[in-house]
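Asker: Structure in C-alpha cells, see below.
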Amino acid sequence: MSRAAKTEQRIRQRLKDDLVHYAERCLKIRSKAGALERLRLNKVQVHIHERLEAQRALKGRVRALILKARQPGVSTYVGARFYWKVTHGRGLRAFILTHRDQATANLFAMAKRFC
C-alpha cells in the first residue's frame, strides 16, 4: 500500500472512529444568526458524548434517556451522532420524531443539511 493510501486510510478511520473530529470537519449547522458553520461541540455536547462513549466502551452499546433544557444543543448532538453512525455503518437507519410536527421538520432539515 502506498504512503498516500495509508494516509487516506488513517484519515478515513479517524473520521469513522471519532465523532468530535468528524463533526468539526464534515458537519455544518445553521447558527442562531443564520450562517452555516462547522459543528463544534459545546461543553454540554462534549459531556454527553463522553458519557455515551464511556457506556459504549463498558457495555458495548449505548442506551440513554436525556432529559434536557431548551437550547443546550442536545438535539443537534443526537442528530449528529445518529448521522455519523448511520453513514459509517451498513444497514443502519435512524428515525427523527418529536412531540410537534414543526420540531420534527426542523430536526429533519438539520439532518438533511449534514448531507
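Chains: A, B, ... in order of the C-alpha cells. Residues: from 1 per chain. Ligands: from 1, in order shown.
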For the structure I just gave you, how does DSSP split chain A - specifically, which residues are strand (DSSP E)? Reply as a ChimeraX atom specification.

Answerer: /A:28-30,36-38

Asker: I want to know what sits within 9 Å of range 25-35 of chain A, based on only C-alpha atoms, with residues of the same chain fewer than 5 positions away left out; could you give that as a tab-separated table (two decimals) with C-alpha atoms, in the first residue's frame?

Answerer:
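Wrote out14.tsv, looks like this:
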```
chain	number	residue	atom	x	y	z
A	15	LEU	CA	-13.48	10.15	10.80
A	20	VAL	CA	-15.83	15.14	17.59
A	40	ARG	CA	-18.01	22.32	17.07
A	76	THR	CA	-28.08	18.80	17.44
A	80	ALA	CA	-25.06	14.44	14.52
A	110	MET	CA	-30.81	19.77	10.16
A	113	ARG	CA	-28.07	19.84	5.92
A	114	PHE	CA	-25.48	17.33	7.19
A	115	CYS	CA	-25.52	15.56	3.79
```

Asker: Residues of chain A in alpha helix (DSSP H) according to DSSP, as a PDB file with N, CA, C and O atoms, in the first residue's frame?

Answerer:
```pdb
ATOM      1  N   ARG A   3       2.180   5.173   0.468  1.00  0.00           N
ATOM      2  CA  ARG A   3       2.135   6.092   1.612  1.00  0.00           C
ATOM      3  C   ARG A   3       0.857   6.943   1.583  1.00  0.00           C
ATOM      4  O   ARG A   3       0.223   7.152   2.619  1.00  0.00           O
ATOM      5  N   ALA A   4       0.497   7.430   0.392  1.00  0.00           N
ATOM      6  CA  ALA A   4      -0.726   8.236   0.253  1.00  0.00           C
ATOM      7  C   ALA A   4      -1.966   7.424   0.615  1.00  0.00           C
ATOM      8  O   ALA A   4      -2.881   7.935   1.275  1.00  0.00           O
ATOM      9  N   ALA A   5      -1.993   6.166   0.197  1.00  0.00           N
ATOM     10  CA  ALA A   5      -3.132   5.304   0.512  1.00  0.00           C
ATOM     11  C   ALA A   5      -3.220   5.044   2.007  1.00  0.00           C
ATOM     12  O   ALA A   5      -4.317   5.021   2.582  1.00  0.00           O
ATOM     13  N   LYS A   6      -2.083   4.847   2.661  1.00  0.00           N
ATOM     14  CA  LYS A   6      -2.065   4.640   4.111  1.00  0.00           C
ATOM     15  C   LYS A   6      -2.544   5.890   4.841  1.00  0.00           C
ATOM     16  O   LYS A   6      -3.298   5.806   5.810  1.00  0.00           O
ATOM     17  N   THR A   7      -2.114   7.051   4.357  1.00  0.00           N
ATOM     18  CA  THR A   7      -2.545   8.314   4.965  1.00  0.00           C
ATOM     19  C   THR A   7      -4.052   8.481   4.819  1.00  0.00           C
ATOM     20  O   THR A   7      -4.747   8.830   5.779  1.00  0.00           O
ATOM     21  N   GLU A   8      -4.570   8.220   3.633  1.00  0.00           N
ATOM     22  CA  GLU A   8      -6.009   8.325   3.406  1.00  0.00           C
ATOM     23  C   GLU A   8      -6.770   7.345   4.279  1.00  0.00           C
ATOM     24  O   GLU A   8      -7.809   7.682   4.851  1.00  0.00           O
ATOM     25  N   GLN A   9      -6.262   6.147   4.422  1.00  0.00           N
ATOM     26  CA  GLN A   9      -6.912   5.145   5.269  1.00  0.00           C
ATOM     27  C   GLN A   9      -6.959   5.612   6.727  1.00  0.00           C
ATOM     28  O   GLN A   9      -7.971   5.457   7.401  1.00  0.00           O
ATOM     29  N   ARG A  10      -5.864   6.197   7.211  1.00  0.00           N
ATOM     30  CA  ARG A  10      -5.844   6.718   8.592  1.00  0.00           C
ATOM     31  C   ARG A  10      -6.853   7.845   8.770  1.00  0.00           C
ATOM     32  O   ARG A  10      -7.540   7.917   9.784  1.00  0.00           O
ATOM     33  N   ILE A  11      -6.927   8.734   7.768  1.00  0.00           N
ATOM     34  CA  ILE A  11      -7.881   9.849   7.835  1.00  0.00           C
ATOM     35  C   ILE A  11      -9.311   9.311   7.888  1.00  0.00           C
ATOM     36  O   ILE A  11     -10.115   9.721   8.733  1.00  0.00           O
ATOM     37  N   ARG A  12      -9.625   8.384   7.002  1.00  0.00           N
ATOM     38  CA  ARG A  12     -10.978   7.807   6.970  1.00  0.00           C
ATOM     39  C   ARG A  12     -11.313   7.074   8.269  1.00  0.00           C
ATOM     40  O   ARG A  12     -12.431   7.171   8.783  1.00  0.00           O
ATOM     41  N   GLN A  13     -10.340   6.354   8.813  1.00  0.00           N
ATOM     42  CA  GLN A  13     -10.577   5.616  10.056  1.00  0.00           C
ATOM     43  C   GLN A  13     -10.848   6.574  11.205  1.00  0.00           C
ATOM     44  O   GLN A  13     -11.726   6.332  12.027  1.00  0.00           O
ATOM     45  N   ARG A  14     -10.112   7.684  11.273  1.00  0.00           N
ATOM     46  CA  ARG A  14     -10.352   8.644  12.351  1.00  0.00           C
ATOM     47  C   ARG A  14     -11.732   9.274  12.225  1.00  0.00           C
ATOM     48  O   ARG A  14     -12.429   9.460  13.218  1.00  0.00           O
ATOM     49  N   LEU A  15     -12.135   9.596  11.004  1.00  0.00           N
ATOM     50  CA  LEU A  15     -13.480  10.149  10.805  1.00  0.00           C
ATOM     51  C   LEU A  15     -14.545   9.147  11.233  1.00  0.00           C
ATOM     52  O   LEU A  15     -15.586   9.529  11.773  1.00  0.00           O
ATOM     53  N   LYS A  16     -14.290   7.875  11.020  1.00  0.00           N
ATOM     54  CA  LYS A  16     -15.242   6.820  11.401  1.00  0.00           C
ATOM     55  C   LYS A  16     -15.265   6.603  12.911  1.00  0.00           C
ATOM     56  O   LYS A  16     -16.310   6.314  13.490  1.00  0.00           O
ATOM     57  N   ASP A  17     -14.114   6.755  13.566  1.00  0.00           N
ATOM     58  CA  ASP A  17     -13.994   6.424  14.991  1.00  0.00           C
ATOM     59  C   ASP A  17     -14.202   7.592  15.944  1.00  0.00           C
ATOM     60  O   ASP A  17     -14.427   7.375  17.131  1.00  0.00           O
ATOM     61  N   LEU A  19     -16.259  11.000  16.628  1.00  0.00           N
ATOM     62  CA  LEU A  19     -17.359  11.904  16.290  1.00  0.00           C
ATOM     63  C   LEU A  19     -16.951  13.366  16.398  1.00  0.00           C
ATOM     64  O   LEU A  19     -17.323  14.171  15.547  1.00  0.00           O
ATOM     65  N   VAL A  20     -16.215  13.740  17.421  1.00  0.00           N
ATOM     66  CA  VAL A  20     -15.827  15.144  17.593  1.00  0.00           C
ATOM     67  C   VAL A  20     -15.019  15.603  16.376  1.00  0.00           C
ATOM     68  O   VAL A  20     -15.268  16.672  15.802  1.00  0.00           O
ATOM     69  N   HIS A  21     -14.067  14.807  15.975  1.00  0.00           N
ATOM     70  CA  HIS A  21     -13.237  15.102  14.802  1.00  0.00           C
ATOM     71  C   HIS A  21     -14.109  15.164  13.542  1.00  0.00           C
ATOM     72  O   HIS A  21     -13.992  16.095  12.741  1.00  0.00           O
ATOM     73  N   TYR A  22     -14.979  14.179  13.373  1.00  0.00           N
ATOM     74  CA  TYR A  22     -15.871  14.110  12.217  1.00  0.00           C
ATOM     75  C   TYR A  22     -16.786  15.337  12.147  1.00  0.00           C
ATOM     76  O   TYR A  22     -16.925  15.960  11.098  1.00  0.00           O
ATOM     77  N   ALA A  23     -17.396  15.683  13.272  1.00  0.00           N
ATOM     78  CA  ALA A  23     -18.347  16.798  13.295  1.00  0.00           C
ATOM     79  C   ALA A  23     -17.681  18.099  12.863  1.00  0.00           C
ATOM     80  O   ALA A  23     -18.236  18.850  12.055  1.00  0.00           O
ATOM     81  N   GLU A  24     -16.497  18.366  13.387  1.00  0.00           N
ATOM     82  CA  GLU A  24     -15.808  19.625  13.071  1.00  0.00           C
ATOM     83  C   GLU A  24     -15.400  19.713  11.611  1.00  0.00           C
ATOM     84  O   GLU A  24     -15.275  20.798  11.065  1.00  0.00           O
ATOM     85  N   ARG A  25     -15.169  18.582  10.980  1.00  0.00           N
ATOM     86  CA  ARG A  25     -14.665  18.589   9.618  1.00  0.00           C
ATOM     87  C   ARG A  25     -15.732  18.310   8.566  1.00  0.00           C
ATOM     88  O   ARG A  25     -15.572  18.709   7.405  1.00  0.00           O
ATOM     89  N   CYS A  26     -16.814  17.645   8.949  1.00  0.00           N
ATOM     90  CA  CYS A  26     -17.766  17.180   7.942  1.00  0.00           C
ATOM     91  C   CYS A  26     -19.192  17.696   8.107  1.00  0.00           C
ATOM     92  O   CYS A  26     -19.969  17.606   7.152  1.00  0.00           O
ATOM     93  N   LYS A  43     -19.754  22.514  25.539  1.00  0.00           N
ATOM     94  CA  LYS A  43     -19.473  21.772  26.783  1.00  0.00           C
ATOM     95  C   LYS A  43     -20.541  20.729  27.097  1.00  0.00           C
ATOM     96  O   LYS A  43     -20.220  19.622  27.522  1.00  0.00           O
ATOM     97  N   VAL A  44     -21.797  21.077  26.911  1.00  0.00           N
ATOM     98  CA  VAL A  44     -22.892  20.137  27.185  1.00  0.00           C
ATOM     99  C   VAL A  44     -22.790  18.944  26.236  1.00  0.00           C
ATOM    100  O   VAL A  44     -22.898  17.781  26.655  1.00  0.00           O
ATOM    101  N   GLN A  45     -22.583  19.217  24.969  1.00  0.00           N
ATOM    102  CA  GLN A  45     -22.481  18.151  23.976  1.00  0.00           C
ATOM    103  C   GLN A  45     -21.283  17.245  24.246  1.00  0.00           C
ATOM    104  O   GLN A  45     -21.394  16.021  24.146  1.00  0.00           O
ATOM    105  N   VAL A  46     -20.144  17.831  24.615  1.00  0.00           N
ATOM    106  CA  VAL A  46     -18.952  17.040  24.929  1.00  0.00           C
ATOM    107  C   VAL A  46     -19.208  16.168  26.153  1.00  0.00           C
ATOM    108  O   VAL A  46     -18.840  14.986  26.181  1.00  0.00           O
ATOM    109  N   HIS A  47     -19.866  16.722  27.170  1.00  0.00           N
ATOM    110  CA  HIS A  47     -20.179  15.954  28.378  1.00  0.00           C
ATOM    111  C   HIS A  47     -21.050  14.738  28.037  1.00  0.00           C
ATOM    112  O   HIS A  47     -20.764  13.617  28.463  1.00  0.00           O
ATOM    113  N   ILE A  48     -22.098  14.962  27.255  1.00  0.00           N
ATOM    114  CA  ILE A  48     -22.981  13.856  26.860  1.00  0.00           C
ATOM    115  C   ILE A  48     -22.197  12.839  26.042  1.00  0.00           C
ATOM    116  O   ILE A  48     -22.304  11.629  26.273  1.00  0.00           O
ATOM    117  N   HIS A  49     -21.403  13.320  25.099  1.00  0.00           N
ATOM    118  CA  HIS A  49     -20.623  12.419  24.254  1.00  0.00           C
ATOM    119  C   HIS A  49     -19.680  11.546  25.086  1.00  0.00           C
ATOM    120  O   HIS A  49     -19.599  10.332  24.881  1.00  0.00           O
ATOM    121  N   GLU A  50     -18.995  12.148  26.032  1.00  0.00           N
ATOM    122  CA  GLU A  50     -18.075  11.383  26.883  1.00  0.00           C
ATOM    123  C   GLU A  50     -18.811  10.323  27.690  1.00  0.00           C
ATOM    124  O   GLU A  50     -18.337   9.190  27.828  1.00  0.00           O
ATOM    125  N   ARG A  51     -19.974  10.665  28.206  1.00  0.00           N
ATOM    126  CA  ARG A  51     -20.763   9.699  28.976  1.00  0.00           C
ATOM    127  C   ARG A  51     -21.244   8.550  28.093  1.00  0.00           C
ATOM    128  O   ARG A  51     -21.184   7.383  28.493  1.00  0.00           O
ATOM    129  N   LEU A  52     -21.725   8.873  26.897  1.00  0.00           N
ATOM    130  CA  LEU A  52     -22.208   7.825  25.996  1.00  0.00           C
ATOM    131  C   LEU A  52     -21.067   6.926  25.523  1.00  0.00           C
ATOM    132  O   LEU A  52     -21.222   5.704  25.457  1.00  0.00           O
ATOM    133  N   GLU A  53     -19.930   7.511  25.220  1.00  0.00           N
ATOM    134  CA  GLU A  53     -18.785   6.714  24.772  1.00  0.00           C
ATOM    135  C   GLU A  53     -18.232   5.846  25.906  1.00  0.00           C
ATOM    136  O   GLU A  53     -17.792   4.719  25.665  1.00  0.00           O
ATOM    137  N   ALA A  54     -18.281   6.338  27.131  1.00  0.00           N
ATOM    138  CA  ALA A  54     -17.857   5.518  28.278  1.00  0.00           C
ATOM    139  C   ALA A  54     -18.787   4.323  28.439  1.00  0.00           C
ATOM    140  O   ALA A  54     -18.331   3.197  28.691  1.00  0.00           O
ATOM    141  N   GLN A  55     -20.085   4.551  28.269  1.00  0.00           N
ATOM    142  CA  GLN A  55     -21.045   3.444  28.352  1.00  0.00           C
ATOM    143  C   GLN A  55     -20.804   2.440  27.229  1.00  0.00           C
ATOM    144  O   GLN A  55     -20.822   1.231  27.454  1.00  0.00           O
ATOM    145  N   ARG A  56     -20.542   2.943  26.021  1.00  0.00           N
ATOM    146  CA  ARG A  56     -20.279   2.059  24.885  1.00  0.00           C
ATOM    147  C   ARG A  56     -19.023   1.221  25.130  1.00  0.00           C
ATOM    148  O   ARG A  56     -19.005   0.014  24.876  1.00  0.00           O
ATOM    149  N   ALA A  57     -17.984   1.835  25.689  1.00  0.00           N
ATOM    150  CA  ALA A  57     -16.746   1.106  25.975  1.00  0.00           C
ATOM    151  C   ALA A  57     -16.967   0.036  27.048  1.00  0.00           C
ATOM    152  O   ALA A  57     -16.412  -1.065  26.968  1.00  0.00           O
ATOM    153  N   LEU A  58     -17.786   0.338  28.035  1.00  0.00           N
ATOM    154  CA  LEU A  58     -18.039  -0.576  29.145  1.00  0.00           C
ATOM    155  C   LEU A  58     -18.997  -1.703  28.760  1.00  0.00           C
ATOM    156  O   LEU A  58     -18.761  -2.871  29.069  1.00  0.00           O
ATOM    157  N   LYS A  59     -20.077  -1.370  28.063  1.00  0.00           N
ATOM    158  CA  LYS A  59     -21.144  -2.343  27.802  1.00  0.00           C
ATOM    159  C   LYS A  59     -21.235  -2.807  26.355  1.00  0.00           C
ATOM    160  O   LYS A  59     -21.976  -3.735  26.046  1.00  0.00           O
ATOM    161  N   VAL A  74     -28.564  19.623  22.626  1.00  0.00           N
ATOM    162  CA  VAL A  74     -28.703  18.175  22.746  1.00  0.00           C
ATOM    163  C   VAL A  74     -29.295  17.572  21.474  1.00  0.00           C
ATOM    164  O   VAL A  74     -28.796  16.561  20.972  1.00  0.00           O
ATOM    165  N   SER A  75     -30.319  18.178  20.924  1.00  0.00           N
ATOM    166  CA  SER A  75     -30.921  17.650  19.700  1.00  0.00           C
ATOM    167  C   SER A  75     -29.918  17.672  18.549  1.00  0.00           C
ATOM    168  O   SER A  75     -29.856  16.734  17.745  1.00  0.00           O
ATOM    169  N   THR A  76     -29.125  18.720  18.472  1.00  0.00           N
ATOM    170  CA  THR A  76     -28.084  18.804  17.444  1.00  0.00           C
ATOM    171  C   THR A  76     -27.064  17.694  17.639  1.00  0.00           C
ATOM    172  O   THR A  76     -26.668  17.016  16.683  1.00  0.00           O
ATOM    173  N   TYR A  77     -26.641  17.481  18.879  1.00  0.00           N
ATOM    174  CA  TYR A  77     -25.674  16.418  19.169  1.00  0.00           C
ATOM    175  C   TYR A  77     -26.246  15.046  18.783  1.00  0.00           C
ATOM    176  O   TYR A  77     -25.584  14.264  18.110  1.00  0.00           O
ATOM    177  N   VAL A  78     -27.460  14.762  19.207  1.00  0.00           N
ATOM    178  CA  VAL A  78     -28.056  13.456  18.919  1.00  0.00           C
ATOM    179  C   VAL A  78     -28.224  13.274  17.408  1.00  0.00           C
ATOM    180  O   VAL A  78     -27.917  12.212  16.863  1.00  0.00           O
ATOM    181  N   GLY A  79     -28.675  14.316  16.719  1.00  0.00           N
ATOM    182  CA  GLY A  79     -28.794  14.237  15.268  1.00  0.00           C
ATOM    183  C   GLY A  79     -27.445  13.966  14.607  1.00  0.00           C
ATOM    184  O   GLY A  79     -27.338  13.134  13.707  1.00  0.00           O
ATOM    185  N   ALA A  80     -26.416  14.647  15.069  1.00  0.00           N
ATOM    186  CA  ALA A  80     -25.065  14.445  14.522  1.00  0.00           C
ATOM    187  C   ALA A  80     -24.567  13.037  14.821  1.00  0.00           C
ATOM    188  O   ALA A  80     -23.983  12.377  13.960  1.00  0.00           O
ATOM    189  N   ARG A  81     -24.799  12.561  16.033  1.00  0.00           N
ATOM    190  CA  ARG A  81     -24.342  11.213  16.413  1.00  0.00           C
ATOM    191  C   ARG A  81     -25.033  10.151  15.555  1.00  0.00           C
ATOM    192  O   ARG A  81     -24.390   9.240  15.054  1.00  0.00           O
ATOM    193  N   PHE A  82     -26.343  10.282  15.391  1.00  0.00           N
ATOM    194  CA  PHE A  82     -27.068   9.316  14.573  1.00  0.00           C
ATOM    195  C   PHE A  82     -26.602   9.386  13.118  1.00  0.00           C
ATOM    196  O   PHE A  82     -26.428   8.363  12.473  1.00  0.00           O
ATOM    197  N   TYR A  83     -26.419  10.591  12.594  1.00  0.00           N
ATOM    198  CA  TYR A  83     -25.953  10.739  11.214  1.00  0.00           C
ATOM    199  C   TYR A  83     -24.584  10.090  11.046  1.00  0.00           C
ATOM    200  O   TYR A  83     -24.334   9.359  10.084  1.00  0.00           O
ATOM    201  N   TRP A  84     -23.678  10.318  11.984  1.00  0.00           N
ATOM    202  CA  TRP A  84     -22.331   9.734  11.979  1.00  0.00           C
ATOM    203  C   TRP A  84     -22.408   8.209  11.994  1.00  0.00           C
ATOM    204  O   TRP A  84     -21.750   7.539  11.209  1.00  0.00           O
ATOM    205  N   LYS A  85     -23.234   7.668  12.880  1.00  0.00           N
ATOM    206  CA  LYS A  85     -23.363   6.214  12.981  1.00  0.00           C
ATOM    207  C   LYS A  85     -23.958   5.610  11.705  1.00  0.00           C
ATOM    208  O   LYS A  85     -23.472   4.603  11.193  1.00  0.00           O
ATOM    209  N   VAL A  86     -25.018   6.207  11.193  1.00  0.00           N
ATOM    210  CA  VAL A  86     -25.704   5.672  10.017  1.00  0.00           C
ATOM    211  C   VAL A  86     -24.802   5.735   8.784  1.00  0.00           C
ATOM    212  O   VAL A  86     -24.785   4.805   7.982  1.00  0.00           O
ATOM    213  N   THR A  87     -24.049   6.815   8.630  1.00  0.00           N
ATOM    214  CA  THR A  87     -23.213   6.944   7.439  1.00  0.00           C
ATOM    215  C   THR A  87     -21.954   6.082   7.505  1.00  0.00           C
ATOM    216  O   THR A  87     -21.306   5.875   6.479  1.00  0.00           O
ATOM    217  N   HIS A  88     -21.615   5.575   8.671  1.00  0.00           N
ATOM    218  CA  HIS A  88     -20.426   4.720   8.795  1.00  0.00           C
ATOM    219  C   HIS A  88     -20.767   3.256   9.070  1.00  0.00           C
ATOM    220  O   HIS A  88     -19.880   2.443   9.261  1.00  0.00           O
ATOM    221  N   ASP A 101     -44.987  18.578  15.069  1.00  0.00           N
ATOM    222  CA  ASP A 101     -44.615  18.422  13.655  1.00  0.00           C
ATOM    223  C   ASP A 101     -43.519  19.393  13.244  1.00  0.00           C
ATOM    224  O   ASP A 101     -42.588  19.016  12.524  1.00  0.00           O
ATOM    225  N   GLN A 102     -43.612  20.645  13.681  1.00  0.00           N
ATOM    226  CA  GLN A 102     -42.619  21.646  13.277  1.00  0.00           C
ATOM    227  C   GLN A 102     -41.237  21.322  13.847  1.00  0.00           C
ATOM    228  O   GLN A 102     -40.227  21.482  13.175  1.00  0.00           O
ATOM    229  N   ALA A 103     -41.195  20.837  15.074  1.00  0.00           N
ATOM    230  CA  ALA A 103     -39.911  20.454  15.674  1.00  0.00           C
ATOM    231  C   ALA A 103     -39.298  19.270  14.921  1.00  0.00           C
ATOM    232  O   ALA A 103     -38.082  19.243  14.673  1.00  0.00           O
ATOM    233  N   THR A 104     -40.117  18.308  14.537  1.00  0.00           N
ATOM    234  CA  THR A 104     -39.632  17.176  13.745  1.00  0.00           C
ATOM    235  C   THR A 104     -39.094  17.671  12.411  1.00  0.00           C
ATOM    236  O   THR A 104     -38.019  17.259  11.970  1.00  0.00           O
ATOM    237  N   ALA A 105     -39.829  18.589  11.761  1.00  0.00           N
ATOM    238  CA  ALA A 105     -39.383  19.139  10.477  1.00  0.00           C
ATOM    239  C   ALA A 105     -38.052  19.868  10.631  1.00  0.00           C
ATOM    240  O   ALA A 105     -37.168  19.763   9.767  1.00  0.00           O
ATOM    241  N   ASN A 106     -37.882  20.604  11.726  1.00  0.00           N
ATOM    242  CA  ASN A 106     -36.624  21.319  11.975  1.00  0.00           C
ATOM    243  C   ASN A 106     -35.455  20.349  12.135  1.00  0.00           C
ATOM    244  O   ASN A 106     -34.375  20.578  11.587  1.00  0.00           O
ATOM    245  N   LEU A 107     -35.662  19.278  12.874  1.00  0.00           N
ATOM    246  CA  LEU A 107     -34.593  18.291  13.070  1.00  0.00           C
ATOM    247  C   LEU A 107     -34.288  17.557  11.770  1.00  0.00           C
ATOM    248  O   LEU A 107     -33.120  17.261  11.475  1.00  0.00           O
ATOM    249  N   PHE A 108     -35.307  17.263  10.994  1.00  0.00           N
ATOM    250  CA  PHE A 108     -35.087  16.614   9.707  1.00  0.00           C
ATOM    251  C   PHE A 108     -34.308  17.527   8.768  1.00  0.00           C
ATOM    252  O   PHE A 108     -33.396  17.077   8.062  1.00  0.00           O
ATOM    253  N   ALA A 109     -34.646  18.821   8.772  1.00  0.00           N
ATOM    254  CA  ALA A 109     -33.902  19.784   7.938  1.00  0.00           C
ATOM    255  C   ALA A 109     -32.444  19.853   8.365  1.00  0.00           C
ATOM    256  O   ALA A 109     -31.546  19.950   7.526  1.00  0.00           O
ATOM    257  N   MET A 110     -32.187  19.779   9.664  1.00  0.00           N
ATOM    258  CA  MET A 110     -30.813  19.766  10.158  1.00  0.00           C
ATOM    259  C   MET A 110     -30.078  18.538   9.644  1.00  0.00           C
ATOM    260  O   MET A 110     -28.941  18.627   9.160  1.00  0.00           O
ATOM    261  N   ALA A 111     -30.725  17.388   9.700  1.00  0.00           N
ATOM    262  CA  ALA A 111     -30.091  16.155   9.227  1.00  0.00           C
ATOM    263  C   ALA A 111     -29.830  16.235   7.720  1.00  0.00           C
ATOM    264  O   ALA A 111     -28.774  15.796   7.250  1.00  0.00           O
ATOM    265  N   LYS A 112     -30.741  16.797   6.968  1.00  0.00           N
ATOM    266  CA  LYS A 112     -30.530  16.952   5.529  1.00  0.00           C
ATOM    267  C   LYS A 112     -29.356  17.889   5.247  1.00  0.00           C
ATOM    268  O   LYS A 112     -28.607  17.688   4.293  1.00  0.00           O
ATOM    269  N   ARG A 113     -29.170  18.892   6.085  1.00  0.00           N
ATOM    270  CA  ARG A 113     -28.066  19.840   5.923  1.00  0.00           C
ATOM    271  C   ARG A 113     -26.721  19.130   6.137  1.00  0.00           C
ATOM    272  O   ARG A 113     -25.699  19.518   5.570  1.00  0.00           O
ATOM    273  N   PHE A 114     -26.712  18.084   6.958  1.00  0.00           N
ATOM    274  CA  PHE A 114     -25.481  17.329   7.186  1.00  0.00           C
ATOM    275  C   PHE A 114     -24.984  16.663   5.909  1.00  0.00           C
ATOM    276  O   PHE A 114     -23.796  16.417   5.765  1.00  0.00           O
TER     277      PHE A 114
END
```

Asker: CA of Asn42 in chain A and CA of Gly73 in chain A, how far apart in Å?

Answerer: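 Computing it gives 7.8 Å between the two atoms.
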